[in-house]
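Student: Below you'll find the structure I mean.
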Amino acid sequence: MADIIQLLPDNIANQIAAGEVIQRPASAVKELLENAVDAGATEIRLIISDAGKALVQVIDNGKGMSPTDARMAFERHATSKIKQIDDLFRIKTMGFRGEALASVAAVAQVEIKTRRAEDELGTYLEIENSRVVKQEPCAAPAGTSICMKNLFFNVPARRNFLKSNAAELRHIIDEFIRVAMAFPDIFFSLTSNGQEMFHLEKGSLKQRIVQILGNQYNAKLVSVSEETDYMNIYGFVGKPETARKTRGDQYFFVNNRFIKSAYLNHAVNTAFEGMIGKDSFPGYVIYIDLDPAQVDINVHPTKQEIKFEDEKIIYAFVQAAVKHALAQSSIAPSLDFTL
Ligand code: ADP
Ligand code: MG
């Protein structure tokens, strides 16, 4: 009998891999925003129509790409962010897998315009089914504009699986907020069907948080801030009276990356013990910075799940930092009183 195993052609392999990275318009939003951040942009505009089903566009004023790089960017495992295996342990960028653009180009129609500040002309590219269908020089502002149109146009089963526009828009806003909260030095805007929903001027971390979560938090945030050799923790927790019955406003960032962690969430909740009802949840936006070697962000393609080298230390530290912050703002009785 003849051998029967073959390597899949790139476009099929890309489409299969895309399933993990791009689940819905919001996944593309996250990847494109993170690329703009990694490109050093100071202004990032997100434009969507039909909750991203028709269009997701991200315009940045970052470093742009050369004509060759613009083409390479859409190859799978093509990245400028890591070069060797050791780099995986010192990742400072949001991306590093080199999969996002290849995935987007496998399941949507993509147009990109990009120019480096030092180049006179930019590059325009059109890609469909992972293939470049047009490439030409063009006039363009410095930076990059990527349009992703008709997501899953070639994967009808996926397209049908998308939720209502209201639900998909909610997912997009969530991803937008998670990136915007981590980078108050960057201007962000979100325009949906021609209407600007967010316009976030550069400012302090607190200003950015209040811009996003709403003015009701303005006078109700308690600052959290502790430093050790091992890690820094900073950010804000809402005063106990802002606690709600739902887990809405709870955000954890590790090295500027939004993460989901029931374990660390528990650490904060228990720091509030006795101050809020058993079935209510405090609002918080907490940032942890530590040596990238102490975390593995390569657990899942979307990187929202991470593994800490020593989870228990982080738990104890978070809990202590929040308790300390609450005590200092004399919301909780201080334990270290003098006689
Ligand atoms: P990754 O971000 O993991 O490197 P991507 O597929 O998201 O992989 O992007 C591939 C490469 O394309 C990046 O490493 C970067 O060099 C380049 N790139 C993508 N988006 C931008 C952008 N907005 N501005 C400049 N370069 C970009
Ligand atoms: Mg990326």
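How things are named: the first chain in the structure tokens is A, the next is B, and so on; residues count from 1 in each chain; ligands count from 1 in the order shown.
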Contacts between ligand 2 and chain A, please, where a residue of chain A counts if it comes within 6 Å (with only C-alpha atoms and all ligand atoms); show its shortest atom pair and distance in Å to one decimal, rows by chain and ascending number, as a Markdown table.

Tutor:
| residue | atom | partner | partner_atom_place_in_ligand_line | distance |
| --- | --- | --- | --- | --- |
| A:Glu31 | CA | ligand 2 | 1 (Mg) | 5.3 |
| A:Asn35 | CA | ligand 2 | 1 (Mg) | 4.7 |
| A:Gly95 | CA | ligand 2 | 1 (Mg) | 4.3 |
| A:Ala100 | CA | ligand 2 | 1 (Mg) | 5.3 |

Student: Keeping only N, CA and C atoms, take the residues you just selected and write them out as a compact mmCIF listing (two decimals), in the first residue's frame.

Tutor:
# COMPACT_ATOMS: atom_id res chain seq x y z
N GLU A 31 -6.16 41.25 18.94
CA GLU A 31 -4.88 41.04 18.27
C GLU A 31 -4.40 42.30 17.55
N ASN A 35 -1.10 44.57 18.45
CA ASN A 35 -0.05 44.83 17.47
C ASN A 35 0.26 46.33 17.40
N GLY A 95 2.45 40.56 21.78
CA GLY A 95 2.48 39.42 20.86
C GLY A 95 3.85 38.77 20.84
N ALA A 100 -1.30 35.85 14.66
CA ALA A 100 -2.55 36.60 14.58
C ALA A 100 -2.87 37.04 13.16

Student: Please identify every polymer residue within 6 Å of ligand 1, using only C-alpha atoms and all ligand atoms, and present the set as a list in words.

Tutor: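 Checking only C-alpha atoms and all ligand atoms against ligand 1 at 6 Å gives Asn35, Ala36, Ala39, Gly62, Lys63, Gly64, Met65, Ala73, Ala78, Thr79, Ser80, Lys81, Gly95, Phe96, Arg97, Gly98, Glu99, Ala100, Leu101, Ala102 and Thr144 of chain A.
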
Student: What would the file look like if the residues just selected were written as a CSV table (one decimal), in the first residue's frame with C-alpha atoms?

Tutor:
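Writing the result to again38.csv gives the following:
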chain,number,residue,atom,x,y,z
A,35,ASN,CA,-0.1,44.8,17.5
A,36,ALA,CA,-0.6,48.6,17.4
A,39,ALA,CA,4.4,49.0,17.3
A,62,GLY,CA,3.3,53.3,15.3
A,63,LYS,CA,6.5,52.3,13.5
A,64,GLY,CA,4.9,50.9,10.3
A,65,MET,CA,6.4,48.2,8.1
A,73,ALA,CA,3.6,39.7,8.6
A,78,ALA,CA,6.3,35.2,11.3
A,79,THR,CA,7.2,37.7,14.0
A,80,SER,CA,9.7,40.5,14.7
A,81,LYS,CA,9.2,40.0,18.5
A,95,GLY,CA,2.5,39.4,20.9
A,96,PHE,CA,5.2,36.9,20.1
A,97,ARG,CA,3.5,33.9,18.4
A,98,GLY,CA,3.4,35.3,14.9
A,99,GLU,CA,0.0,33.8,14.4
A,100,ALA,CA,-2.5,36.6,14.6
A,101,LEU,CA,-2.2,38.2,11.2
A,102,ALA,CA,-1.9,34.8,9.4
A,144,THR,CA,-0.4,51.2,10.0

Student: Show me, as a list in words, the residues that have an atom within 10 Å of Gly248 (chain A) when counting only C-alpha atoms, minus same-chain residues fewer than 3 positions from it.

Tutor: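 Near neighbours after the sequence-gap exclusion: Leu213, Ala243, Arg244, Lys245, Tyr251, Phe281, Pro282, Gly283 and Tyr284 of chain A.
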
Student: What's around Leu121 (chain A) at 7 Å? Count only C-alpha atoms, leave out sequence neighbours fewer than 4 positions away in its own chain, and write the answer as a short mmCIF file (atom, residue, chain, number, x, y, z; two decimals) with N, CA and C atoms, in the first residue's frame.

Tutor:
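After the write, selection_13.cif holds the following:
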data_model
loop_
_atom_site.label_atom_id
_atom_site.label_comp_id
_atom_site.auth_asym_id
_atom_site.auth_seq_id
_atom_site.Cartn_x
_atom_site.Cartn_y
_atom_site.Cartn_z
N ARG A 115 3.22 52.54 6.50
CA ARG A 115 4.41 53.29 6.10
C ARG A 115 5.29 53.56 7.31
N PRO A 137 2.74 50.25 -4.08
CA PRO A 137 3.15 51.37 -3.25
C PRO A 137 1.98 52.36 -3.16
N CYS A 138 1.90 53.09 -2.06
CA CYS A 138 0.82 54.06 -1.94
C CYS A 138 1.25 55.18 -0.99
N ALA A 139 0.55 56.31 -1.09
CA ALA A 139 0.76 57.37 -0.11
C ALA A 139 0.03 56.96 1.16
N ALA A 140 0.65 57.18 2.32
CA ALA A 140 0.00 56.79 3.57
C ALA A 140 0.63 57.58 4.71
#

Student: Between A:Phe161, A:Lys83, A:Gln6, A:Ile186, which one has atoms that come closest to Gly40 (chain A), using only C-alpha atoms?

Tutor: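 With only C-alpha atoms as the atom set, the closest residue is A:Ile186.
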
Student: Taking only C-alpha atoms into account, name the residue in A:Ser103, A:Asn129, A:Ser330, A:Asn61 that is nearest to Val21 (chain A).

Tutor: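 Closest residue, counting only C-alpha atoms: A:Ser103.
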
Student: Would you tabulate, counting only C-alpha atoms, all residues of region 32-93 of chain A that have an atom at most 10 Å from an atom of region 175-180 of chain A, showing the closest pair of atoms and their distance in Å to one decimal, sorted by chain then ascending number, as a tab-separated table?

Tutor:
residue	atom	partner	partner_atom	distance
A:Leu33	CA	A:Val179	CA	7.3
A:Glu34	CA	A:Val179	CA	7.3
A:Val37	CA	A:Val179	CA	8.7
A:Ile44	CA	A:Ala180	CA	9.5
A:Leu46	CA	A:Phe176	CA	8.5

Student: Separation of CA of Ala142 (chain A) and CA of Ala117 (chain A), in Å?

Tutor: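 One can read the CA of Ala142 (chain A) to CA of Ala117 (chain A) distance as 5.1 Å.
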
Student: Which is closest to Glu226 (chain A) among A:Ala106, A:Ala293, A:Ile288, A:Ile85, if we use only C-alpha atoms?

Tutor: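 That would be A:Ile288, the residue with the smallest distance to Glu226 (chain A).
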
Student: Using only C-alpha atoms, which residue out of A:Ile297, A:Ala219, A:Cys147, A:Leu205 lies closest to Ala182 (chain A)?

Tutor: A:Leu205

Student: Can you pull out every residue within 10 Å of region 252-264 of chain A, counting only C-alpha atoms, but drop anything in the same chain fewer than 4 positions away, and send it as a count of residues only?

Tutor: 44

Student: What lies within 12 Å of Lys323 (chain A) using only C-alpha atoms, ignoring chain neighbours under 5 positions off, as an NGL selection string?

Tutor: :A and (222-226 or 236-237 or 239-240 or 267-275 or 316-318 or 328-335)
